[in-house]
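Quick look at start07.cif (mmCIF, C-alpha atoms):
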```
data_structure
loop_
_atom_site.label_atom_id
_atom_site.label_comp_id
_atom_site.auth_asym_id
_atom_site.auth_seq_id
_atom_site.Cartn_x
_atom_site.Cartn_y
_atom_site.Cartn_z
CA MET A 21 -11.02 -105.85 170.48
CA LYS A 22 -12.82 -105.38 167.14
CA THR A 23 -14.61 -108.55 166.04
CA ALA A 24 -16.60 -109.15 162.88
CA GLY A 25 -18.41 -111.98 161.16
CA ALA A 26 -18.17 -113.34 157.62
CA PRO A 27 -20.77 -115.00 155.38
CA ILE A 28 -18.44 -117.96 154.70
CA SER A 29 -19.12 -119.10 158.28
CA TRP A 30 -22.68 -119.66 157.06
CA GLY A 31 -21.47 -121.52 153.95
CA VAL A 32 -21.84 -118.55 151.59
CA CYS A 33 -18.97 -118.78 149.10
CA GLU A 34 -17.96 -117.61 145.62
CA VAL A 35 -16.98 -121.11 144.44
CA PRO A 36 -19.57 -122.66 142.08
CA GLY A 37 -21.18 -125.77 143.56
CA TRP A 38 -19.74 -125.05 147.03
CA GLY A 39 -22.94 -126.05 148.80
CA ARG A 40 -26.34 -124.72 149.78
CA GLN A 41 -26.27 -120.92 149.81
CA LEU A 42 -28.32 -119.34 152.59
CA ASP A 43 -30.39 -116.24 152.02
CA ARG A 44 -28.68 -113.06 153.18
CA SER A 45 -31.62 -112.15 155.42
CA GLN A 46 -31.04 -115.32 157.47
CA VAL A 47 -27.28 -114.81 157.67
CA LEU A 48 -27.48 -111.14 158.66
CA ALA A 49 -30.23 -111.80 161.20
CA GLU A 50 -28.14 -114.52 162.85
CA MET A 51 -25.12 -112.22 162.94
CA ARG A 52 -27.25 -109.65 164.74
CA GLU A 53 -28.55 -112.28 167.18
CA LEU A 54 -24.96 -113.22 168.03
CA GLY A 55 -24.20 -109.61 168.95
CA LEU A 56 -21.97 -108.90 165.97
CA THR A 57 -21.93 -105.32 164.74
CA ALA A 58 -19.61 -105.78 161.74
CA THR A 59 -19.14 -108.19 158.86
CA GLU A 60 -17.17 -108.75 155.70
CA LEU A 61 -19.07 -108.41 152.44
CA GLY A 62 -19.09 -111.99 151.25
CA PRO A 63 -19.01 -113.07 147.61
CA GLN A 64 -20.22 -110.94 144.73
CA GLY A 65 -24.01 -110.94 144.64
CA PHE A 66 -24.54 -111.76 148.31
CA LEU A 67 -25.09 -108.10 149.20
CA PRO A 68 -26.39 -105.37 146.86
CA PRO A 69 -23.72 -104.10 144.43
CA SER A 70 -24.69 -100.47 145.08
CA PRO A 71 -22.58 -99.15 147.98
CA SER A 72 -25.47 -97.01 149.27
CA ARG A 73 -27.97 -99.88 149.10
CA CYS A 74 -25.48 -102.21 150.78
CA ARG A 75 -24.93 -99.76 153.64
CA SER A 76 -28.67 -99.25 154.03
CA LEU A 77 -29.33 -103.00 154.16
CA LEU A 78 -26.60 -103.62 156.74
CA ASP A 79 -27.75 -100.64 158.81
CA GLY A 80 -31.11 -102.37 159.14
CA TYR A 81 -29.38 -105.26 160.91
CA GLY A 82 -27.15 -103.06 163.06
CA LEU A 83 -24.09 -104.08 161.01
CA ARG A 84 -21.35 -102.33 159.07
CA ALA A 85 -19.06 -103.78 156.43
CA VAL A 86 -15.38 -103.68 157.36
CA GLY A 87 -13.72 -105.67 154.59
CA GLY A 88 -14.25 -107.73 151.50
CA PHE A 89 -12.52 -110.60 149.71
CA VAL A 90 -11.33 -109.69 146.20
CA PRO A 91 -9.74 -112.61 144.28
CA VAL A 92 -7.81 -111.24 141.30
CA VAL A 93 -5.23 -112.58 138.86
CA LEU A 94 -1.95 -110.83 139.69
CA HIS A 95 0.65 -113.04 137.98
CA ASP A 96 -0.37 -113.03 134.31
CA PRO A 97 1.68 -110.54 132.23
CA HIS A 98 -1.15 -110.44 129.66
CA HIS A 99 -3.76 -109.39 132.24
CA ASP A 100 -3.93 -105.99 133.92
CA PRO A 101 -5.65 -106.34 137.33
CA LEU A 102 -5.56 -102.62 138.10
CA PRO A 103 -8.94 -101.60 136.57
CA GLU A 104 -10.68 -104.39 138.51
CA VAL A 105 -8.94 -103.52 141.77
CA ARG A 106 -9.54 -99.79 141.33
CA ALA A 107 -13.25 -100.48 140.81
CA ALA A 108 -13.29 -102.49 144.04
CA MET A 109 -11.43 -99.75 145.94
CA ARG A 110 -13.86 -97.13 144.63
CA ALA A 111 -16.86 -99.20 145.73
CA PHE A 112 -15.26 -99.81 149.14
CA ARG A 113 -14.62 -96.08 149.55
CA ASP A 114 -18.19 -95.21 148.60
CA GLY A 115 -19.54 -97.88 150.94
CA ASP A 116 -17.21 -96.97 153.81
CA VAL A 117 -15.58 -100.43 153.77
CA GLU A 118 -12.10 -100.26 155.27
CA VAL A 119 -10.09 -103.24 154.03
CA VAL A 120 -9.60 -104.69 150.56
CA VAL A 121 -8.62 -108.33 151.04
CA LEU A 122 -6.85 -109.36 147.85
CA ALA A 123 -6.13 -112.98 146.99
CA ALA A 124 -3.73 -113.95 144.21
CA SER A 125 -6.22 -115.96 142.17
CA THR A 126 -5.10 -118.68 139.77
CA GLY A 127 -7.85 -117.63 137.38
CA GLY A 128 -9.79 -120.84 138.06
CA GLU A 129 -13.07 -121.19 139.93
CA SER A 130 -12.03 -123.56 142.75
CA TYR A 131 -9.29 -123.82 145.35
CA ASP A 132 -8.45 -127.46 144.63
CA ALA A 133 -5.62 -126.95 142.12
CA ARG A 134 -3.03 -124.28 141.39
CA PRO A 135 0.07 -123.64 139.27
CA ALA A 136 3.60 -123.02 140.52
CA LEU A 137 4.78 -119.64 139.25
CA ALA A 138 7.90 -119.18 137.18
CA ALA A 139 10.20 -116.22 137.82
CA SER A 140 8.32 -114.13 135.23
CA GLY A 141 5.03 -114.75 137.04
CA TRP A 142 6.52 -113.64 140.35
CA LYS A 143 7.95 -110.51 138.76
CA THR A 144 4.50 -109.63 137.40
CA LEU A 145 2.75 -110.38 140.69
CA LEU A 146 5.11 -108.23 142.78
CA THR A 147 4.98 -105.40 140.24
CA ASN A 148 1.18 -105.46 140.32
CA LEU A 149 1.17 -105.36 144.12
CA ARG A 150 3.32 -102.22 144.01
CA ARG A 151 0.99 -100.63 141.45
CA ILE A 152 -2.07 -101.47 143.54
CA LEU A 153 -0.56 -100.05 146.74
CA LYS A 154 0.27 -96.81 144.92
CA ASN A 155 -3.30 -96.52 143.66
CA ALA A 156 -4.80 -97.33 147.08
CA LYS A 157 -3.68 -93.93 148.37
CA GLU A 158 -6.19 -92.26 146.04
CA PHE A 159 -9.08 -94.14 147.63
CA GLY A 160 -7.90 -94.14 151.25
CA ARG A 161 -8.38 -97.89 151.64
CA THR A 162 -6.19 -100.47 153.35
CA VAL A 163 -5.16 -103.12 150.84
CA THR A 164 -3.97 -106.49 152.14
CA LEU A 165 -2.87 -109.73 150.51
CA HIS A 166 -4.48 -112.93 151.79
CA PRO A 167 -2.30 -116.07 151.53
CA HIS A 168 -4.94 -118.63 150.64
CA VAL A 169 -5.06 -122.33 149.82
CA GLY A 170 -5.49 -122.87 146.08
CA THR A 171 -4.06 -119.49 145.09
CA VAL A 172 -0.55 -118.70 143.86
CA VAL A 173 0.42 -117.48 147.37
CA GLU A 174 -0.19 -120.46 149.62
CA ASN A 175 2.94 -122.05 151.11
CA PRO A 176 5.72 -120.67 153.36
CA GLU A 177 8.12 -119.93 150.51
CA GLU A 178 5.46 -117.96 148.66
CA VAL A 179 4.44 -116.01 151.77
CA ASP A 180 8.08 -115.08 152.38
CA ARG A 181 8.51 -114.07 148.76
CA VAL A 182 5.64 -111.59 149.14
CA LEU A 183 7.03 -110.27 152.44
CA ASP A 184 10.53 -109.85 151.00
CA GLY A 185 9.52 -108.53 147.59
CA SER A 186 6.74 -106.09 148.39
CA ALA A 187 5.42 -103.74 151.05
CA VAL A 188 1.86 -105.06 150.90
CA PRO A 189 0.29 -105.67 154.32
CA LEU A 190 -1.07 -109.15 155.03
CA CYS A 191 -4.47 -110.47 155.88
CA LEU A 192 -3.40 -113.04 158.47
CA ASP A 193 -5.76 -115.96 157.93
CA THR A 194 -4.73 -118.39 160.64
CA GLY A 195 -6.43 -121.34 158.97
CA HIS A 196 -5.27 -120.93 155.40
CA LEU A 197 -1.72 -120.29 156.58
CA LEU A 198 -1.62 -123.47 158.66
CA ILE A 199 -3.15 -125.59 155.90
CA GLY A 200 -0.61 -124.16 153.47
CA GLY A 201 2.27 -125.07 155.80
CA THR A 202 2.99 -121.74 157.54
CA ASP A 203 2.81 -121.56 161.33
CA PRO A 204 0.70 -118.40 161.83
CA ALA A 205 1.98 -117.87 165.39
CA GLU A 206 5.58 -117.96 164.17
CA LEU A 207 4.70 -115.55 161.36
CA VAL A 208 3.26 -113.13 163.92
CA THR A 209 6.47 -113.41 165.94
CA ARG A 210 8.62 -112.24 163.04
CA ALA A 211 6.26 -110.11 160.97
CA ALA A 212 3.46 -108.73 163.17
CA GLY A 213 4.08 -105.27 161.75
CA ARG A 214 2.95 -106.49 158.31
CA VAL A 215 -0.46 -107.65 159.58
CA ALA A 216 -3.31 -105.24 158.82
CA HIS A 217 -6.33 -107.57 158.98
CA VAL A 218 -7.01 -110.94 160.63
CA HIS A 219 -9.24 -113.88 159.76
CA LEU A 220 -9.37 -116.05 162.88
CA LYS A 221 -9.86 -119.75 162.21
CA ASP A 222 -8.98 -122.94 164.04
CA VAL A 223 -7.93 -126.01 162.11
CA ASP A 224 -7.60 -129.77 162.48
CA ALA A 225 -3.87 -130.21 161.77
CA ALA A 226 -4.23 -133.87 160.77
CA LEU A 227 -6.68 -132.96 158.01
CA ALA A 228 -4.45 -130.06 156.99
CA GLU A 229 -1.54 -132.48 156.55
CA ARG A 230 -3.70 -134.67 154.31
CA VAL A 231 -4.50 -131.65 152.13
CA ARG A 232 -0.81 -130.75 151.82
CA GLY A 233 -0.01 -134.36 150.98
CA GLY A 234 -2.61 -134.50 148.20
CA GLU A 235 -4.76 -137.08 150.00
CA LEU A 236 -7.73 -134.70 150.24
CA SER A 237 -8.76 -131.76 148.12
CA TYR A 238 -9.35 -128.51 149.93
CA THR A 239 -13.11 -128.73 149.31
CA GLU A 240 -13.21 -132.31 150.63
CA ALA A 241 -11.35 -131.19 153.75
CA VAL A 242 -13.83 -128.40 154.42
CA LYS A 243 -16.67 -130.87 154.08
CA ALA A 244 -14.83 -133.15 156.52
CA GLY A 245 -14.65 -130.38 159.14
CA ILE A 246 -11.10 -129.09 158.82
CA TYR A 247 -12.24 -125.79 160.34
CA ARG A 248 -13.18 -125.89 164.01
CA PRO A 249 -14.55 -123.36 166.49
CA LEU A 250 -11.73 -121.42 168.12
CA GLY A 251 -10.07 -123.45 170.85
CA ARG A 252 -11.01 -126.81 169.35
CA GLY A 253 -8.24 -127.11 166.78
CA ASP A 254 -4.48 -126.88 166.52
CA VAL A 255 -3.92 -123.19 165.81
CA ASP A 256 -2.20 -121.30 168.64
CA VAL A 257 -4.98 -118.73 168.92
CA PRO A 258 -3.87 -117.42 172.35
CA GLY A 259 -0.30 -116.92 171.14
CA ILE A 260 -1.44 -115.15 167.99
CA VAL A 261 -3.80 -112.79 169.79
CA ALA A 262 -1.16 -112.05 172.45
CA GLY A 263 1.55 -111.48 169.85
CA LEU A 264 -0.57 -109.14 167.77
CA GLY A 265 -1.66 -107.25 170.88
CA ALA A 266 1.93 -106.81 172.03
CA ALA A 267 2.81 -105.46 168.58
CA GLY A 268 0.03 -102.86 168.78
CA TYR A 269 -2.35 -104.43 166.27
CA ALA A 270 -5.60 -102.46 166.31
CA GLY A 271 -7.41 -103.93 163.31
CA TRP A 272 -10.30 -106.34 162.94
CA TYR A 273 -10.53 -109.97 164.00
CA VAL A 274 -12.96 -111.64 161.61
CA MET A 275 -14.49 -114.88 162.88
CA GLU A 276 -14.35 -117.45 160.07
CA GLN A 277 -15.14 -121.12 160.25
CA ASP A 278 -15.67 -122.06 156.60
CA VAL A 279 -18.36 -124.67 156.04
CA VAL A 280 -20.04 -126.42 153.13
CA LEU A 281 -23.77 -126.81 153.80
CA GLY A 282 -25.65 -129.83 152.55
CA PRO A 283 -29.05 -129.70 150.86
CA GLY A 284 -30.86 -129.39 154.19
CA GLY A 285 -30.89 -130.25 157.86
CA ASP A 286 -27.48 -128.85 158.78
CA ALA A 287 -26.99 -127.80 162.38
CA GLY A 288 -27.08 -124.03 162.65
CA PRO A 289 -23.71 -122.87 161.31
CA GLY A 290 -23.90 -119.76 163.46
CA GLU A 291 -23.34 -121.88 166.57
CA ASN A 292 -19.68 -122.31 165.62
CA VAL A 293 -19.38 -118.52 165.48
CA ARG A 294 -21.12 -118.24 168.84
CA GLU A 295 -18.62 -120.64 170.38
CA SER A 296 -15.66 -118.88 168.78
CA LEU A 297 -16.78 -115.46 169.99
CA ALA A 298 -17.22 -116.78 173.51
CA TYR A 299 -13.75 -118.35 173.40
CA LEU A 300 -12.21 -115.11 172.22
CA ARG A 301 -13.98 -113.06 174.88
CA GLY A 302 -12.77 -115.48 177.51
CA LEU A 303 -9.26 -115.38 176.11
CA VAL A 304 -9.08 -111.60 176.23
CA GLY A 305 -10.67 -111.63 179.68
CA GLY A 306 -8.11 -114.12 180.97
CA ARG A 307 -10.25 -117.26 180.98
CA ASP A 308 -11.40 -119.84 178.46
CA GLU A 309 -15.14 -119.29 178.34
CA ARG A 310 -17.66 -121.08 176.15
CA VAL A 311 -21.27 -120.15 175.50
CA PRO A 312 -23.71 -123.05 175.26
CA GLY A 313 -26.01 -123.26 172.30
CA PRO A 314 -29.75 -122.73 172.64
CA ALA A 315 -31.59 -125.23 174.82
#
```

What would you get if you wrote out this structure as structure tokens?
Amino acid sequence: MKTAGAPISWGVCEVPGWGRQLDRSQVLAEMRELGLTATELGPQGFLPPSPSRCRSLLDGYGLRAVGGFVPVVLHDPHHDPLPEVRAAMRAFRDGDVEVVVLAASTGGESYDARPALAASGWKTLLTNLRRILKNAKEFGRTVTLHPHVGTVVENPEEVDRVLDGSAVPLCLDTGHLLIGGTDPAELVTRAAGRVAHVHLKDVDAALAERVRGGELSYTEAVKAGIYRPLGRGDVDVPGIVAGLGAAGYAGWYVMEQDVVLGPGGDAGPGENVRESLAYLRGLVGGRDERVPGPA
């Protein structure tokens, strides 16, 4: 089972004002200490922009980059996303990064508000996905679409519209799907063949319902602890892993427990990743195993 980390589990995020941003040396060192050998890239600026320098830096920590999050506007008929996406695919090819994780950005800087697309917006989005997939062959990269809270592909109807109207593979983010109203285990049951990358999260369903109902913003919910270590929330992680395994999924499982770090004194965010990795190892080994934190 191929497992990787992600800087967002250490609070490193592209959203302005998200919280305290840890230095990459601390994040990468903690990934290494947890036994991880792979990571996603994190937001622009977290790692060196040069593919060769990025690879060299990660090599020093015993890590390789396996994917990266690329939010891009896909629905605006007056905006061509292809040059931006081609540049990302070229950089991923040169840096030996396997998976481009697209998100259908609203064009705003946060994930707390989003528009509902008209038919013309959907036509543009689906056309752009087809164009991007065609171009991906040139670079030999896997391109996925990540349904994500606060983007134009968030809820069940929007996820189905992408599945029905395009051939793009999905990044199955178990947390964002559940918060947006899609049961990720049910989605695996009917569309496992469309999954090419996985972000494994666990979620407090009560907080997720408050986000869907407009009681809490997404950012407020993250601060309140909507994401939990695997096995502590309401996502059917065992069913998802079993379903993907039965379908022959051989891609990456990226451990993500998004957090917002305060100005100081936070408990080590890596401990949630430690617990999640232990849970996943136990799950695959046939038992629910947890690793205690440091004494």

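Atom pair atom CA of A:Asp184 / atom CA of A:Glu129 has a distance of 28.4 Å (rounded to one decimal).
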
Find the residues around A:Val274 up to 7 Å (only C-alpha atoms counted), leave out those fewer than 6 positions away in its own chain, and share them as a PyMOL selection string.
chain A and resi 23-26+218-220

Compile the contact shell of A:Val280 as a PDB file with C-alpha atoms, keeping the file's coordinate frame: residues with an atom at most 10 Å away, counting all atoms listed in the file, same-chain residues fewer than 2 positions apart removed.
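Saved the output as around.pdb:
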```pdb
ATOM      1  CA  ILE A  28     -18.440-117.960 154.700  1.00  0.00           C
ATOM      2  CA  SER A  29     -19.120-119.100 158.280  1.00  0.00           C
ATOM      3  CA  TRP A  30     -22.680-119.660 157.060  1.00  0.00           C
ATOM      4  CA  GLY A  31     -21.470-121.520 153.950  1.00  0.00           C
ATOM      5  CA  VAL A  32     -21.840-118.550 151.590  1.00  0.00           C
ATOM      6  CA  CYS A  33     -18.970-118.780 149.100  1.00  0.00           C
ATOM      7  CA  GLY A  37     -21.180-125.770 143.560  1.00  0.00           C
ATOM      8  CA  TRP A  38     -19.740-125.050 147.030  1.00  0.00           C
ATOM      9  CA  GLY A  39     -22.940-126.050 148.800  1.00  0.00           C
ATOM     10  CA  ARG A  40     -26.340-124.720 149.780  1.00  0.00           C
ATOM     11  CA  GLN A  41     -26.270-120.920 149.810  1.00  0.00           C
ATOM     12  CA  THR A 239     -13.110-128.730 149.310  1.00  0.00           C
ATOM     13  CA  GLU A 240     -13.210-132.310 150.630  1.00  0.00           C
ATOM     14  CA  ALA A 241     -11.350-131.190 153.750  1.00  0.00           C
ATOM     15  CA  VAL A 242     -13.830-128.400 154.420  1.00  0.00           C
ATOM     16  CA  LYS A 243     -16.670-130.870 154.080  1.00  0.00           C
ATOM     17  CA  ALA A 244     -14.830-133.150 156.520  1.00  0.00           C
ATOM     18  CA  GLY A 245     -14.650-130.380 159.140  1.00  0.00           C
ATOM     19  CA  ASP A 278     -15.670-122.060 156.600  1.00  0.00           C
ATOM     20  CA  GLY A 282     -25.650-129.830 152.550  1.00  0.00           C
ATOM     21  CA  PRO A 283     -29.050-129.700 150.860  1.00  0.00           C
ATOM     22  CA  ASP A 286     -27.480-128.850 158.780  1.00  0.00           C
ATOM     23  CA  PRO A 289     -23.710-122.870 161.310  1.00  0.00           C
TER      24      PRO A 289
END
```

Nearby residues, (2.1, -103.8, 139.4) file frame, 12 Å, all atoms listed in the file, as a CSV table (one decimal) with C-alpha atoms, in the frame of the given file:
```csv
chain,number,residue,atom,x,y,z
A,93,VAL,CA,-5.2,-112.6,138.9
A,94,LEU,CA,-2.0,-110.8,139.7
A,95,HIS,CA,0.6,-113.0,138.0
A,96,ASP,CA,-0.4,-113.0,134.3
A,97,PRO,CA,1.7,-110.5,132.2
A,99,HIS,CA,-3.8,-109.4,132.2
A,100,ASP,CA,-3.9,-106.0,133.9
A,101,PRO,CA,-5.6,-106.3,137.3
A,102,LEU,CA,-5.6,-102.6,138.1
A,103,PRO,CA,-8.9,-101.6,136.6
A,105,VAL,CA,-8.9,-103.5,141.8
A,141,GLY,CA,5.0,-114.8,137.0
A,142,TRP,CA,6.5,-113.6,140.4
A,143,LYS,CA,8.0,-110.5,138.8
A,144,THR,CA,4.5,-109.6,137.4
A,145,LEU,CA,2.8,-110.4,140.7
A,146,LEU,CA,5.1,-108.2,142.8
A,147,THR,CA,5.0,-105.4,140.2
A,148,ASN,CA,1.2,-105.5,140.3
A,149,LEU,CA,1.2,-105.4,144.1
A,150,ARG,CA,3.3,-102.2,144.0
A,151,ARG,CA,1.0,-100.6,141.4
A,152,ILE,CA,-2.1,-101.5,143.5
A,153,LEU,CA,-0.6,-100.0,146.7
A,154,LYS,CA,0.3,-96.8,144.9
A,155,ASN,CA,-3.3,-96.5,143.7
A,186,SER,CA,6.7,-106.1,148.4
A,188,VAL,CA,1.9,-105.1,150.9
```

Using all atoms of stretch 241-250 of chain A listed in the file and a margin of 8 Å per side, can you give the axis-aligned box centre and edge lengths in Å to one decimal, as lines of an AutoDock Vina configuration file?
```
center_x = -13.9
center_y = -127.3
center_z = 160.9
size_x = 21.6
size_y = 27.7
size_z = 30.4
```
